[in-house]
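Colleague: For reference, this is query-v1.csv, and it has CSV, C-alpha atoms.
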chain,number,residue,atom,x,y,z
C,1,MET,CA,-73.6,-22.9,-65.5
C,2,GLU,CA,-71.0,-24.2,-63.0
C,3,LEU,CA,-69.5,-26.5,-65.6
C,4,ALA,CA,-69.4,-23.6,-68.2
C,5,LEU,CA,-67.6,-21.4,-65.7
C,6,LYS,CA,-65.2,-24.2,-64.9
C,7,LYS,CA,-64.4,-24.6,-68.5
C,8,LEU,CA,-64.1,-20.8,-68.9
C,9,PHE,CA,-61.5,-20.7,-66.1
C,10,TYR,CA,-59.7,-23.7,-67.5
C,11,ILE,CA,-59.1,-21.9,-70.8
C,12,MET,CA,-58.6,-18.5,-69.1
C,13,PRO,CA,-54.8,-18.5,-69.8
C,14,PHE,CA,-55.5,-18.8,-73.5
C,15,LEU,CA,-58.1,-16.0,-73.4
C,16,PHE,CA,-55.6,-14.0,-71.4
C,17,GLY,CA,-53.0,-14.5,-74.1
C,18,ILE,CA,-55.4,-13.2,-76.7
C,19,GLY,CA,-57.3,-10.6,-74.6
C,20,PHE,CA,-54.3,-9.1,-72.8
C,21,ILE,CA,-50.9,-10.3,-73.8
C,22,ALA,CA,-51.4,-9.7,-77.5
C,23,PRO,CA,-52.5,-6.1,-77.2
C,24,LEU,CA,-49.9,-5.5,-74.5
C,25,ILE,CA,-47.1,-6.7,-76.9
C,26,ALA,CA,-48.5,-4.6,-79.7
C,27,GLN,CA,-48.8,-1.4,-77.7
C,28,THR,CA,-45.4,-1.9,-76.0
C,29,MET,CA,-43.9,-2.2,-79.5
C,30,ALA,CA,-45.7,0.9,-80.6
C,31,TYR,CA,-44.5,2.8,-77.5
C,32,TRP,CA,-40.8,1.8,-78.2
C,33,ASP,CA,-41.4,2.4,-82.0
C,34,ILE,CA,-40.5,-1.2,-82.9
C,35,ALA,CA,-41.9,-2.6,-86.1
C,36,ALA,CA,-43.3,-6.2,-86.3
C,37,PRO,CA,-41.2,-8.6,-88.4
C,38,PHE,CA,-42.2,-9.9,-91.9
C,39,GLY,CA,-44.4,-6.9,-92.6
C,40,MET,CA,-47.0,-8.0,-90.1
C,41,SER,CA,-49.1,-5.6,-88.1
C,42,ARG,CA,-48.1,-5.2,-84.4
C,43,ILE,CA,-51.3,-6.7,-83.2
C,44,ALA,CA,-51.0,-9.7,-85.5
C,45,PHE,CA,-47.5,-10.2,-84.1
C,46,GLY,CA,-48.9,-9.9,-80.6
C,47,LEU,CA,-51.5,-12.5,-81.3
C,48,LEU,CA,-48.9,-14.8,-82.8
C,49,ILE,CA,-47.1,-14.7,-79.4
C,50,GLY,CA,-50.0,-14.3,-77.0
C,51,ALA,CA,-52.3,-17.0,-78.3
C,52,PRO,CA,-49.8,-19.9,-78.4
C,53,TRP,CA,-48.3,-18.8,-75.1
C,54,GLY,CA,-51.7,-18.8,-73.5
C,55,LEU,CA,-52.5,-22.2,-75.1
C,56,TYR,CA,-49.1,-23.5,-73.7
C,57,ALA,CA,-50.1,-22.3,-70.2
C,58,VAL,CA,-53.5,-24.1,-70.5
C,59,LEU,CA,-51.9,-27.4,-71.7
C,60,ARG,CA,-48.8,-27.3,-69.5
C,61,GLY,CA,-50.3,-25.6,-66.4
C,62,ARG,CA,-47.3,-23.2,-66.3
C,63,TRP,CA,-46.6,-19.9,-68.1
C,64,LEU,CA,-42.9,-20.8,-68.4
N,65,MET,CA,-62.2,8.9,-34.2
N,66,THR,CA,-62.2,5.8,-32.1
N,67,LEU,CA,-64.1,2.8,-33.3
N,68,ASP,CA,-65.4,0.0,-31.1
N,69,LYS,CA,-62.7,-1.4,-28.9
N,70,PRO,CA,-61.9,-5.0,-29.5
N,71,ALA,CA,-63.1,-7.1,-26.7
N,72,GLY,CA,-60.1,-7.6,-24.5
N,73,ASP,CA,-61.5,-10.8,-23.1
N,74,THR,CA,-61.4,-12.7,-26.3
N,75,ILE,CA,-58.0,-14.0,-25.6
N,76,PRO,CA,-58.0,-17.5,-27.2
N,77,SER,CA,-56.7,-17.1,-30.7
N,78,THR,CA,-57.3,-20.6,-32.0
N,79,ARG,CA,-60.3,-22.7,-32.5
N,80,ASP,CA,-58.7,-25.9,-31.3
N,81,SER,CA,-57.0,-24.4,-28.3
N,82,ALA,CA,-55.0,-27.4,-27.5
N,83,GLN,CA,-52.1,-25.3,-26.5
N,84,GLY,CA,-54.1,-22.8,-24.6
N,85,GLY,CA,-56.0,-25.6,-23.0
N,86,ALA,CA,-52.9,-26.8,-21.3
N,87,PHE,CA,-53.5,-24.2,-18.7
N,88,ALA,CA,-57.1,-24.9,-17.9
N,89,PHE,CA,-57.4,-26.5,-14.5
N,90,SER,CA,-60.0,-29.1,-13.8
N,91,PRO,CA,-60.5,-31.1,-10.6
N,92,GLY,CA,-59.7,-34.4,-12.3
N,93,ASP,CA,-56.2,-33.3,-13.3
N,94,ALA,CA,-53.4,-35.6,-12.1
N,95,ALA,CA,-51.0,-33.9,-9.7
N,96,ILE,CA,-48.0,-35.8,-11.1
N,97,PRO,CA,-46.2,-35.3,-13.5
N,98,LEU,CA,-46.2,-31.5,-13.4
N,99,THR,CA,-43.6,-30.7,-16.0
N,100,GLY,CA,-44.6,-30.0,-19.6
N,101,PRO,CA,-42.5,-30.3,-22.7
N,102,ASP,CA,-40.9,-26.9,-22.0
N,103,GLY,CA,-39.6,-28.1,-18.7
N,104,LEU,CA,-41.8,-25.8,-16.7
N,105,ASP,CA,-44.2,-27.2,-14.2
N,106,LYS,CA,-48.0,-26.7,-14.5
N,107,HIS,CA,-48.2,-24.0,-11.9
N,108,VAL,CA,-45.4,-21.9,-13.4
N,109,ARG,CA,-47.0,-22.2,-16.8
N,110,ARG,CA,-50.3,-21.1,-15.5
N,111,ASP,CA,-48.8,-18.1,-13.7
N,112,LEU,CA,-46.8,-17.1,-16.8
N,113,ARG,CA,-50.0,-17.4,-18.9
N,114,LYS,CA,-51.8,-15.1,-16.4
N,115,GLN,CA,-49.0,-12.5,-16.6
N,116,GLU,CA,-48.9,-12.9,-20.4
N,117,ILE,CA,-52.6,-12.2,-20.7
N,118,ALA,CA,-52.4,-9.2,-18.3
N,119,VAL,CA,-49.6,-7.6,-20.4
N,120,ALA,CA,-51.2,-8.5,-23.8
N,121,ARG,CA,-54.4,-6.8,-22.8
N,122,GLN,CA,-52.6,-3.5,-22.5
N,123,PHE,CA,-52.0,-3.5,-26.2
N,124,MET,CA,-55.4,-4.6,-27.5
N,125,GLY,CA,-57.6,-2.1,-29.1
N,126,GLY,CA,-56.8,1.6,-29.4
N,127,GLY,CA,-57.6,4.0,-32.2
N,128,MET,CA,-58.0,2.1,-35.4
N,129,TRP,CA,-59.1,5.0,-37.6
N,130,PRO,CA,-55.7,5.2,-39.5
N,131,TYR,CA,-56.5,1.8,-41.0
N,132,VAL,CA,-59.9,3.0,-42.2
N,133,VAL,CA,-58.4,6.2,-43.7
N,134,ALA,CA,-55.6,4.2,-45.3
N,135,ALA,CA,-57.8,1.5,-46.8
N,136,TRP,CA,-60.5,3.8,-48.2
N,137,GLY,CA,-58.2,6.6,-49.2
N,138,CYS,CA,-55.7,4.4,-51.0
N,139,PHE,CA,-58.5,2.5,-52.7
N,140,ALA,CA,-60.1,5.8,-53.9
N,141,ILE,CA,-56.8,7.1,-55.2
N,142,TRP,CA,-56.1,3.7,-56.9
N,143,LEU,CA,-59.5,3.7,-58.5
N,144,SER,CA,-59.0,7.3,-59.8
N,145,PHE,CA,-55.8,6.2,-61.6
N,146,PHE,CA,-57.9,4.4,-64.3
N,147,PRO,CA,-59.9,7.4,-65.6
N,148,LEU,CA,-56.9,9.6,-65.2
N,149,ALA,CA,-54.7,7.2,-67.2
N,150,ILE,CA,-57.3,7.1,-70.0
N,151,MET,CA,-57.5,10.9,-70.1
N,152,GLY,CA,-53.7,11.1,-70.1
N,153,TRP,CA,-53.5,13.1,-66.9
N,154,LEU,CA,-51.5,10.5,-65.0
N,155,ASN,CA,-47.8,10.1,-64.3
N,156,LEU,CA,-47.8,6.4,-65.1
N,157,PRO,CA,-44.4,5.4,-63.5
N,158,LEU,CA,-45.4,7.1,-60.2
N,159,ALA,CA,-48.9,5.6,-60.3
N,160,PHE,CA,-47.3,2.2,-60.9
N,161,VAL,CA,-45.2,2.5,-57.8
N,162,LEU,CA,-48.2,3.7,-55.7
N,163,SER,CA,-50.3,0.9,-57.1
N,164,CYS,CA,-47.7,-1.6,-55.9
N,165,ILE,CA,-47.7,0.0,-52.5
N,166,PHE,CA,-51.5,0.0,-52.3
N,167,ALA,CA,-51.8,-3.6,-53.5
N,168,THR,CA,-49.3,-4.8,-50.9
N,169,GLY,CA,-50.3,-2.6,-48.0
N,170,GLY,CA,-54.0,-3.3,-48.6
N,171,TYR,CA,-53.5,-6.7,-47.1
N,172,VAL,CA,-52.4,-5.2,-43.8
N,173,THR,CA,-55.6,-3.1,-43.5
N,174,SER,CA,-57.7,-6.1,-44.6
N,175,HIS,CA,-55.9,-8.3,-42.1
N,176,GLU,CA,-57.1,-6.1,-39.2
N,177,ALA,CA,-60.7,-6.4,-40.6
N,178,MET,CA,-60.3,-10.2,-40.9
N,179,HIS,CA,-59.9,-10.3,-37.1
N,180,SER,CA,-62.6,-7.7,-36.6
N,181,ASN,CA,-60.1,-5.4,-34.9
N,182,ILE,CA,-61.5,-2.3,-36.4
N,183,ALA,CA,-65.0,-2.9,-35.0
N,184,ARG,CA,-66.4,-6.0,-33.4
N,185,PRO,CA,-69.3,-8.1,-34.8
N,186,GLY,CA,-72.7,-6.7,-33.7
N,187,SER,CA,-71.4,-3.3,-33.0
N,188,ARG,CA,-72.7,-0.1,-34.6
N,189,ASN,CA,-69.5,0.4,-36.6
N,190,TYR,CA,-69.1,-3.2,-37.8
N,191,TRP,CA,-70.0,-2.2,-41.4
N,192,ILE,CA,-66.8,-0.1,-41.4
N,193,ASN,CA,-64.8,-3.1,-40.5
N,194,GLU,CA,-66.3,-5.1,-43.3
N,195,TRP,CA,-65.9,-2.4,-45.9
N,196,VAL,CA,-62.3,-1.8,-44.9
N,197,GLY,CA,-61.7,-5.5,-45.6
N,198,LYS,CA,-63.7,-5.6,-48.8
N,199,VAL,CA,-62.0,-2.7,-50.6
N,200,SER,CA,-58.5,-3.4,-49.3
N,201,THR,CA,-57.9,-6.6,-51.2
N,202,ILE,CA,-59.5,-5.7,-54.5
N,203,PRO,CA,-56.2,-4.6,-56.1
N,204,ILE,CA,-54.8,-8.1,-55.5
N,205,VAL,CA,-58.0,-9.7,-56.8
N,206,PHE,CA,-58.5,-11.6,-53.5
N,207,PRO,CA,-62.0,-11.2,-52.1
N,208,PHE,CA,-62.3,-10.4,-48.4
N,209,SER,CA,-64.7,-13.3,-47.8
N,210,MET,CA,-62.1,-15.8,-49.1
N,211,ALA,CA,-59.2,-14.0,-47.4
N,212,ARG,CA,-60.9,-14.0,-44.0
N,213,LEU,CA,-62.0,-17.6,-44.1
N,214,MET,CA,-58.6,-18.8,-45.3
N,215,HIS,CA,-56.7,-16.6,-42.8
N,216,LEU,CA,-58.8,-17.9,-39.9
N,217,GLU,CA,-58.1,-21.5,-41.0
N,218,HIS,CA,-54.4,-20.6,-41.0
N,219,HIS,CA,-54.8,-19.5,-37.4
N,220,TYR,CA,-56.8,-22.6,-36.4
N,221,HIS,CA,-54.3,-25.0,-38.0
N,222,CYS,CA,-51.1,-23.0,-38.2
N,223,ASN,CA,-48.3,-25.0,-39.8
N,224,HIS,CA,-50.4,-28.2,-40.2
N,225,PRO,CA,-49.3,-29.6,-43.6
N,226,GLU,CA,-52.8,-30.5,-44.7
N,227,LYS,CA,-55.0,-28.1,-42.8
N,228,ASP,CA,-53.1,-24.8,-42.9
N,229,PRO,CA,-54.0,-23.2,-46.3
N,230,ASP,CA,-50.7,-21.3,-46.3
N,231,TYR,CA,-48.5,-24.3,-45.9
N,232,THR,CA,-47.9,-24.4,-49.7
N,233,ASP,CA,-45.7,-21.2,-49.2
N,234,GLU,CA,-43.1,-23.3,-47.4
N,235,ALA,CA,-39.7,-23.4,-49.0
N,236,PRO,CA,-36.2,-24.3,-47.8
N,237,ASN,CA,-34.7,-20.8,-48.2
N,238,SER,CA,-35.6,-17.2,-49.1
N,239,LEU,CA,-34.7,-17.5,-52.8
N,240,MET,CA,-36.9,-20.6,-53.2
N,241,ALA,CA,-39.6,-18.8,-51.2
N,242,TRP,CA,-39.6,-15.9,-53.7
N,243,TYR,CA,-39.7,-18.4,-56.6
N,244,LYS,CA,-42.6,-20.3,-54.9
N,245,THR,CA,-44.7,-17.1,-54.6
N,246,TRP,CA,-44.7,-17.0,-58.4
N,247,TYR,CA,-44.8,-20.8,-59.0
N,248,ASN,CA,-47.9,-21.2,-56.7
N,249,ARG,CA,-49.9,-18.8,-58.9
N,250,GLN,CA,-49.3,-20.9,-62.1
N,251,PRO,CA,-52.6,-22.2,-63.6
N,252,GLY,CA,-51.9,-25.9,-63.0
N,253,VAL,CA,-50.3,-25.7,-59.6
N,254,ASP,CA,-52.2,-26.4,-56.4
N,255,GLY,CA,-50.9,-23.4,-54.5
N,256,SER,CA,-52.0,-20.0,-53.4
N,257,ILE,CA,-55.5,-19.1,-54.6
N,258,HIS,CA,-56.0,-22.4,-56.4
N,259,HIS,CA,-55.3,-24.2,-53.2
N,260,TYR,CA,-57.7,-21.9,-51.4
N,261,LYS,CA,-60.5,-22.6,-53.9
N,262,ARG,CA,-60.0,-26.3,-53.4
N,263,ILE,CA,-60.2,-26.0,-49.6
N,264,LEU,CA,-63.4,-23.8,-49.9
N,265,ALA,CA,-65.0,-26.3,-52.2
N,266,LYS,CA,-64.2,-29.1,-49.6
N,267,MET,CA,-65.5,-27.0,-46.7
N,268,GLY,CA,-68.9,-26.7,-48.4
N,269,THR,CA,-70.3,-24.3,-45.8
N,270,PRO,CA,-72.5,-21.3,-46.9
N,271,GLU,CA,-69.7,-19.0,-46.1
N,272,ALA,CA,-67.3,-21.0,-48.2
N,273,LYS,CA,-69.8,-21.0,-51.1
N,274,THR,CA,-70.1,-17.2,-50.8
N,275,ALA,CA,-66.4,-16.9,-50.8
N,276,LEU,CA,-66.1,-19.0,-53.9
N,277,ARG,CA,-68.8,-17.0,-55.7
N,278,ASP,CA,-67.1,-13.7,-54.7
N,279,THR,CA,-63.8,-15.0,-56.0
N,280,LEU,CA,-65.4,-16.0,-59.3
N,281,LYS,CA,-67.0,-12.6,-59.7
N,282,LEU,CA,-63.8,-10.6,-58.8
N,283,GLN,CA,-61.6,-12.7,-61.1
N,284,LEU,CA,-64.1,-12.2,-64.0
N,285,LEU,CA,-64.2,-8.5,-63.3
N,286,PHE,CA,-60.4,-8.3,-63.3
N,287,MET,CA,-60.2,-10.1,-66.6
N,288,ALA,CA,-63.0,-8.0,-68.1
N,289,VAL,CA,-61.2,-4.8,-67.1
N,290,LEU,CA,-57.9,-6.0,-68.4
N,291,PHE,CA,-59.3,-7.2,-71.7
N,292,THR,CA,-61.4,-4.1,-72.3
N,293,MET,CA,-58.7,-1.7,-71.5
N,294,ALA,CA,-56.1,-3.6,-73.5
N,295,TRP,CA,-58.3,-3.8,-76.7
N,296,SER,CA,-59.2,-0.1,-76.3
N,297,GLY,CA,-55.5,0.9,-76.5
N,298,TYR,CA,-54.7,1.0,-72.8
N,299,ALA,CA,-52.9,-2.3,-72.3
N,300,ILE,CA,-49.8,-0.6,-70.8
N,301,GLU,CA,-51.9,1.4,-68.4
N,302,ALA,CA,-53.8,-1.7,-67.3
N,303,ALA,CA,-50.6,-3.6,-66.9
N,304,LEU,CA,-49.0,-0.9,-64.8
N,305,LEU,CA,-52.0,-0.1,-62.7
N,306,TRP,CA,-53.4,-3.5,-61.9
N,307,TRP,CA,-51.8,-6.6,-63.5
N,308,LEU,CA,-48.2,-6.0,-62.4
N,309,PRO,CA,-48.9,-4.4,-59.0
N,310,ARG,CA,-51.1,-7.4,-58.2
N,311,HIS,CA,-48.3,-9.9,-59.0
N,312,ILE,CA,-45.7,-7.8,-57.1
N,313,GLY,CA,-48.0,-7.3,-54.2
N,314,LEU,CA,-49.0,-11.0,-54.0
N,315,SER,CA,-45.4,-12.1,-54.1
N,316,TYR,CA,-44.4,-9.6,-51.4
N,317,ILE,CA,-47.3,-10.6,-49.2
N,318,ARG,CA,-46.6,-14.3,-49.6
N,319,PHE,CA,-43.0,-13.8,-48.7
N,320,TYR,CA,-43.2,-11.5,-45.8
N,321,LEU,CA,-46.6,-12.4,-44.3
N,322,SER,CA,-46.4,-16.1,-44.8
N,323,TRP,CA,-43.0,-17.6,-45.5
N,324,ALA,CA,-40.7,-15.3,-43.4
N,325,PRO,CA,-42.5,-15.4,-40.0
N,326,HIS,CA,-43.4,-19.1,-40.2
N,327,HIS,CA,-40.3,-20.8,-41.7
N,328,PRO,CA,-39.5,-23.5,-40.9
N,329,ARG,CA,-43.0,-24.8,-40.6
N,330,GLU,CA,-42.5,-28.5,-40.3
N,331,GLY,CA,-43.6,-29.8,-36.9
N,332,ARG,CA,-44.0,-26.4,-35.4
N,333,THR,CA,-47.6,-26.3,-34.5
N,334,GLY,CA,-47.3,-25.4,-30.8
N,335,ARG,CA,-48.6,-22.1,-29.4
N,336,TYR,CA,-45.2,-20.6,-28.9
N,337,GLU,CA,-43.4,-22.0,-31.9
N,338,ASN,CA,-45.8,-21.6,-34.9
N,339,ALA,CA,-44.4,-18.2,-35.7
N,340,LYS,CA,-41.0,-16.8,-35.0
N,341,ILE,CA,-39.3,-13.6,-33.9
N,342,PHE,CA,-36.8,-12.4,-36.5
N,343,LYS,CA,-34.9,-9.4,-37.7
N,344,SER,CA,-35.9,-8.4,-41.2
N,345,ARG,CA,-33.3,-6.9,-43.5
N,346,LEU,CA,-35.9,-4.4,-44.7
N,347,GLY,CA,-36.9,-3.4,-41.1
N,348,HIS,CA,-40.2,-3.7,-39.3
N,349,VAL,CA,-42.3,-1.3,-41.4
N,350,MET,CA,-41.1,-2.7,-44.8
N,351,SER,CA,-41.7,-6.2,-43.6
N,352,MET,CA,-45.2,-5.1,-42.6
N,353,GLY,CA,-44.7,-5.8,-38.9
N,354,MET,CA,-43.9,-9.4,-39.4
N,355,GLU,CA,-40.8,-9.4,-37.2
N,356,THR,CA,-43.1,-9.9,-34.3
N,357,HIS,CA,-45.7,-12.1,-36.0
N,358,LEU,CA,-45.7,-14.5,-33.1
N,359,ILE,CA,-47.5,-11.8,-31.0
N,360,HIS,CA,-50.2,-11.7,-33.6
N,361,HIS,CA,-50.7,-15.5,-33.4
N,362,LEU,CA,-50.8,-15.4,-29.6
N,363,TYR,CA,-53.1,-12.4,-29.5
N,364,PRO,CA,-54.8,-11.6,-32.8
N,365,ASN,CA,-56.7,-8.7,-31.1
N,366,ILE,CA,-53.5,-6.7,-30.8
N,367,PRO,CA,-53.4,-4.5,-33.9
N,368,ASN,CA,-50.4,-4.9,-36.2
N,369,HIS,CA,-48.9,-1.6,-35.4
N,370,ARG,CA,-48.7,-2.5,-31.7
N,371,THR,CA,-47.2,-6.0,-31.9
N,372,LYS,CA,-43.6,-4.8,-31.7
N,373,GLN,CA,-44.4,-2.8,-28.5
N,374,ALA,CA,-46.3,-5.7,-27.1
N,375,TYR,CA,-43.4,-8.0,-27.9
N,376,PHE,CA,-40.9,-6.0,-25.9
N,377,ALA,CA,-43.3,-6.0,-23.0
N,378,LEU,CA,-43.9,-9.7,-23.3
N,379,LYS,CA,-40.3,-10.6,-24.1
N,380,PRO,CA,-39.2,-11.9,-20.6
N,381,ILE,CA,-42.3,-14.1,-20.3
N,382,LEU,CA,-41.8,-15.4,-23.9
N,383,ALA,CA,-38.2,-16.2,-23.1
N,384,GLN,CA,-39.3,-18.2,-20.1
N,385,ARG,CA,-41.7,-20.1,-22.4
N,386,GLY,CA,-38.8,-21.2,-24.5
N,387,VAL,CA,-39.3,-18.7,-27.4
N,388,ASP,CA,-36.1,-17.7,-29.1
N,389,VAL,CA,-35.9,-14.0,-28.5
N,390,SER,CA,-32.3,-13.5,-29.4
N,391,SER,CA,-32.8,-11.8,-32.8
N,392,LEU,CA,-34.8,-8.8,-31.6
Now, as a test, write the supplied structure out as structure tokens.
Modeller:
Amino acid sequence: MELALKKLFYIMPFLFGIGFIAPLIAQTMAYWDIAAPFGMSRIAFGLLIGAPWGLYAVLRGRWL
Amino acid sequence: MTLDKPAGDTIPSTRDSAQGGAFAFSPGDAAIPLTGPDGLDKHVRRDLRKQEIAVARQFMGGGMWPYVVAAWGCFAIWLSFFPLAIMGWLNLPLAFVLSCIFATGGYVTSHEAMHSNIARPGSRNYWINEWVGKVSTIPIVFPFSMARLMHLEHHYHCNHPEKDPDYTDEAPNSLMAWYKTWYNRQPGVDGSIHHYKRILAKMGTPEAKTALRDTLKLQLLFMAVLFTMAWSGYAIEAALLWWLPRHIGLSYIRFYLSWAPHHPREGRTGRYENAKIFKSRLGHVMSMGMETHLIHHLYPNIPNHRTKQAYFALKPILAQRGVDVSSL
């Protein structure tokens, strides 16, 4: 249990990228009426940004 | 409404009262040399300490109900923002500003509870003290059990590079200090709450284990709320009511409650030098009473709103003790 939680918290930035950043990007774009590029849906665009960004934060230990 | 008065006799503020102990007289003490590092002889120091305690006692206790009203009232209002936002009955920009204020100010009310200034342990109203502490720091996702343990460690080992949990906030200037408030929260950096978690794991006491468990639960709840709201179409609301106010609040708290009153930390572990008296550009209220933070470290039982008054009463004594009182 403890090990599972440790692993969960280790990958939390990645989950945060998918679980929060992606929909936040999509809904912010919708609020400002901005369309996603290449005919993508806004949420797909959000996931395209949020998931790699979260993964970067897991691997690098920094968001920027 | 007046809650239990803090015990005026609980003067010592630190566990390892090395500094306070300098005034304890025992028959075996040598008569010579009498002078201490501040140039005052032992008898003068002891007299000054007696005067200091007598003055400080006048400012301990008093009505603490505003802290209770503020803590519970602000928490209730903040909590109500979530259903109101979902129902579309909320002015989101205004709620965002208020959430930032609640997140930041919550630490002040919680801080009084950490020192049991609202009600003493064992008293009838102690549960009020505990619940003020518990709800106050929920917006910054910092459980009271962890906040209290870490804050008391900060008092016990103030400015010790390894033992003071807040030492990681140290920075050479204010710009770097603001940057560090953000940097220390990065997932791979051993600062802020990550540093606290490591200290708690090392402590290994039942209280530390409880604090770690509480942290885990609160962080999971925070993530669950953010993810659920975001994927239900309320990501902006979640960001403006909790995620951003938490970050803004934490940075503000770290800067004004940790860096500003303790900088520079290096080598300043003595009773009269571990915090400083300074003039804040934003004033006493906006800096959350930190201009006179030294008074809090000397006498944690003096409530935050009375430290400035206490400082002016203690100023002549502090000046004699070598404290730089020129800025205020």
Colleague: From the list C:Ile34, C:Ala4, C:Ile11, C:Ala26, which residue is nearest Leu48 of chain C when using only C-alpha atoms?
Modeller: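 Of the candidates, the smallest distance to Leu48 of chain C is held by C:Ala26.
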Colleague: Counting all atoms listed in the file, what are the residues of segment 123-152 of chain N within 9 Å of segment 173-178 of chain N, and for each of them which pair of atoms is the nearest and at what distance in Å, to one decimal? Sort the table by chain and rising number, as CSV.
Modeller:
residue,atom,partner,partner_atom,distance
N:Tyr131,CA,N:Thr173,CA,5.6
N:Val132,CA,N:Thr173,CA,7.6
N:Ala134,CA,N:Thr173,CA,7.5
N:Ala135,CA,N:Thr173,CA,6.1
Colleague: Show me, as a tab-separated table (two decimals) with C-alpha atoms, in the frame of the given file, the residues that have an atom within 12 Å of Leu5 of chain C when counting all atoms listed in the file, minus same-chain residues fewer than 6 positions from it.
Modeller:
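To be explicit, this is the file written out as part_29.tsv:
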chain	number	residue	atom	x	y	z
C	11	ILE	CA	-59.10	-21.90	-70.80
C	12	MET	CA	-58.60	-18.50	-69.10
N	277	ARG	CA	-68.80	-17.00	-55.70
N	280	LEU	CA	-65.40	-16.00	-59.30
N	281	LYS	CA	-67.00	-12.60	-59.70
N	283	GLN	CA	-61.60	-12.70	-61.10
N	284	LEU	CA	-64.10	-12.20	-64.00
Colleague: Find the residue from C:Phe14, C:Tyr31, C:Phe20, C:Tyr56 that sits nearest to chain N; use only C-alpha atoms when measuring.
Modeller: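 Ranked by minimum distance to chain N, first place goes to C:Phe20.
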Colleague: Between atom CA of Ala299 of chain N and atom CA of Leu24 of chain C, what is the distance, to one decimal in Å?
Modeller: 4.9 Å
Colleague: Could you list, as a PyMOL selection string, the residues of chain C having an atom within 8 Å of chain N when counting only C-alpha atoms?
Modeller: chain C and resi 13+16+19-20+23-24+27-28+57-58+60-63
Colleague: Distance atom CA of Leu158 of chain N-atom CA of Arg345 of chain N, one decimal place?
Modeller: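 Here the two named atoms are 24.9 Å from each other.
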Colleague: Contacts of Ala51 of chain C at 8 Å or less, counting all atoms listed in the file, minus same-chain residues fewer than 3 places along, as a list in words?
Modeller: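 The neighbour list is Phe14, Leu15, Gly17, Ile18, Ala22, Leu47, Leu48, Gly54 and Leu55 of chain C.
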Colleague: To one decimal in Å, tell me the separation between atom CA of Trp242 of chain N and atom CA of Ile359 of chain N.
Modeller: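 Separation of atom CA of Trp242 of chain N and atom CA of Ile359 of chain N: 24.4 Å.
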Colleague: Set the distance at 9 Å and use all atoms listed in the file: which residues neighbour Leu213 of chain N once local chain neighbours fewer than 3 positions away are removed? I'd like the list as a PyMOL selection string.
Modeller: chain N and resi 178+208-210+216-218+264+271-272+275
Colleague: Would you mind completing segment 17-29 of chain C so that it carries N, CA and C atoms, and writing it out as a PDB file, in the coordinates of the input?
Modeller:
ATOM      1  N   GLY C  17     -54.039 -14.715 -73.089  1.00  0.00           N
ATOM      2  CA  GLY C  17     -53.000 -14.500 -74.100  1.00  0.00           C
ATOM      3  C   GLY C  17     -53.569 -13.669 -75.278  1.00  0.00           C
ATOM      4  N   ILE C  18     -54.829 -13.925 -75.645  1.00  0.00           N
ATOM      5  CA  ILE C  18     -55.400 -13.200 -76.700  1.00  0.00           C
ATOM      6  C   ILE C  18     -55.946 -11.795 -76.224  1.00  0.00           C
ATOM      7  N   GLY C  19     -56.591 -11.836 -75.075  1.00  0.00           N
ATOM      8  CA  GLY C  19     -57.300 -10.600 -74.600  1.00  0.00           C
ATOM      9  C   GLY C  19     -56.348  -9.595 -73.972  1.00  0.00           C
ATOM     10  N   PHE C  20     -55.197 -10.033 -73.443  1.00  0.00           N
ATOM     11  CA  PHE C  20     -54.300  -9.100 -72.800  1.00  0.00           C
ATOM     12  C   PHE C  20     -52.895  -9.059 -73.267  1.00  0.00           C
ATOM     13  N   ILE C  21     -52.301 -10.250 -73.358  1.00  0.00           N
ATOM     14  CA  ILE C  21     -50.900 -10.300 -73.800  1.00  0.00           C
ATOM     15  C   ILE C  21     -50.688  -9.736 -75.172  1.00  0.00           C
ATOM     16  N   ALA C  22     -51.559 -10.149 -76.093  1.00  0.00           N
ATOM     17  CA  ALA C  22     -51.400  -9.700 -77.500  1.00  0.00           C
ATOM     18  C   ALA C  22     -51.465  -8.186 -77.643  1.00  0.00           C
ATOM     19  N   PRO C  23     -52.517  -7.531 -77.137  1.00  0.00           N
ATOM     20  CA  PRO C  23     -52.500  -6.100 -77.200  1.00  0.00           C
ATOM     21  C   PRO C  23     -51.389  -5.407 -76.443  1.00  0.00           C
ATOM     22  N   LEU C  24     -50.995  -6.030 -75.320  1.00  0.00           N
ATOM     23  CA  LEU C  24     -49.900  -5.500 -74.500  1.00  0.00           C
ATOM     24  C   LEU C  24     -48.598  -5.484 -75.318  1.00  0.00           C
ATOM     25  N   ILE C  25     -48.350  -6.596 -76.019  1.00  0.00           N
ATOM     26  CA  ILE C  25     -47.100  -6.700 -76.900  1.00  0.00           C
ATOM     27  C   ILE C  25     -47.213  -5.625 -77.958  1.00  0.00           C
ATOM     28  N   ALA C  26     -48.357  -5.546 -78.623  1.00  0.00           N
ATOM     29  CA  ALA C  26     -48.500  -4.600 -79.700  1.00  0.00           C
ATOM     30  C   ALA C  26     -48.308  -3.155 -79.272  1.00  0.00           C
ATOM     31  N   GLN C  27     -48.924  -2.803 -78.126  1.00  0.00           N
ATOM     32  CA  GLN C  27     -48.800  -1.400 -77.700  1.00  0.00           C
ATOM     33  C   GLN C  27     -47.450  -1.089 -77.092  1.00  0.00           C
ATOM     34  N   THR C  28     -46.795  -2.099 -76.518  1.00  0.00           N
ATOM     35  CA  THR C  28     -45.400  -1.900 -76.000  1.00  0.00           C
ATOM     36  C   THR C  28     -44.492  -1.637 -77.219  1.00  0.00           C
ATOM     37  N   MET C  29     -44.684  -2.424 -78.292  1.00  0.00           N
ATOM     38  CA  MET C  29     -43.900  -2.200 -79.500  1.00  0.00           C
ATOM     39  C   MET C  29     -44.101  -0.848 -80.094  1.00  0.00           C
TER      40      MET C  29
END
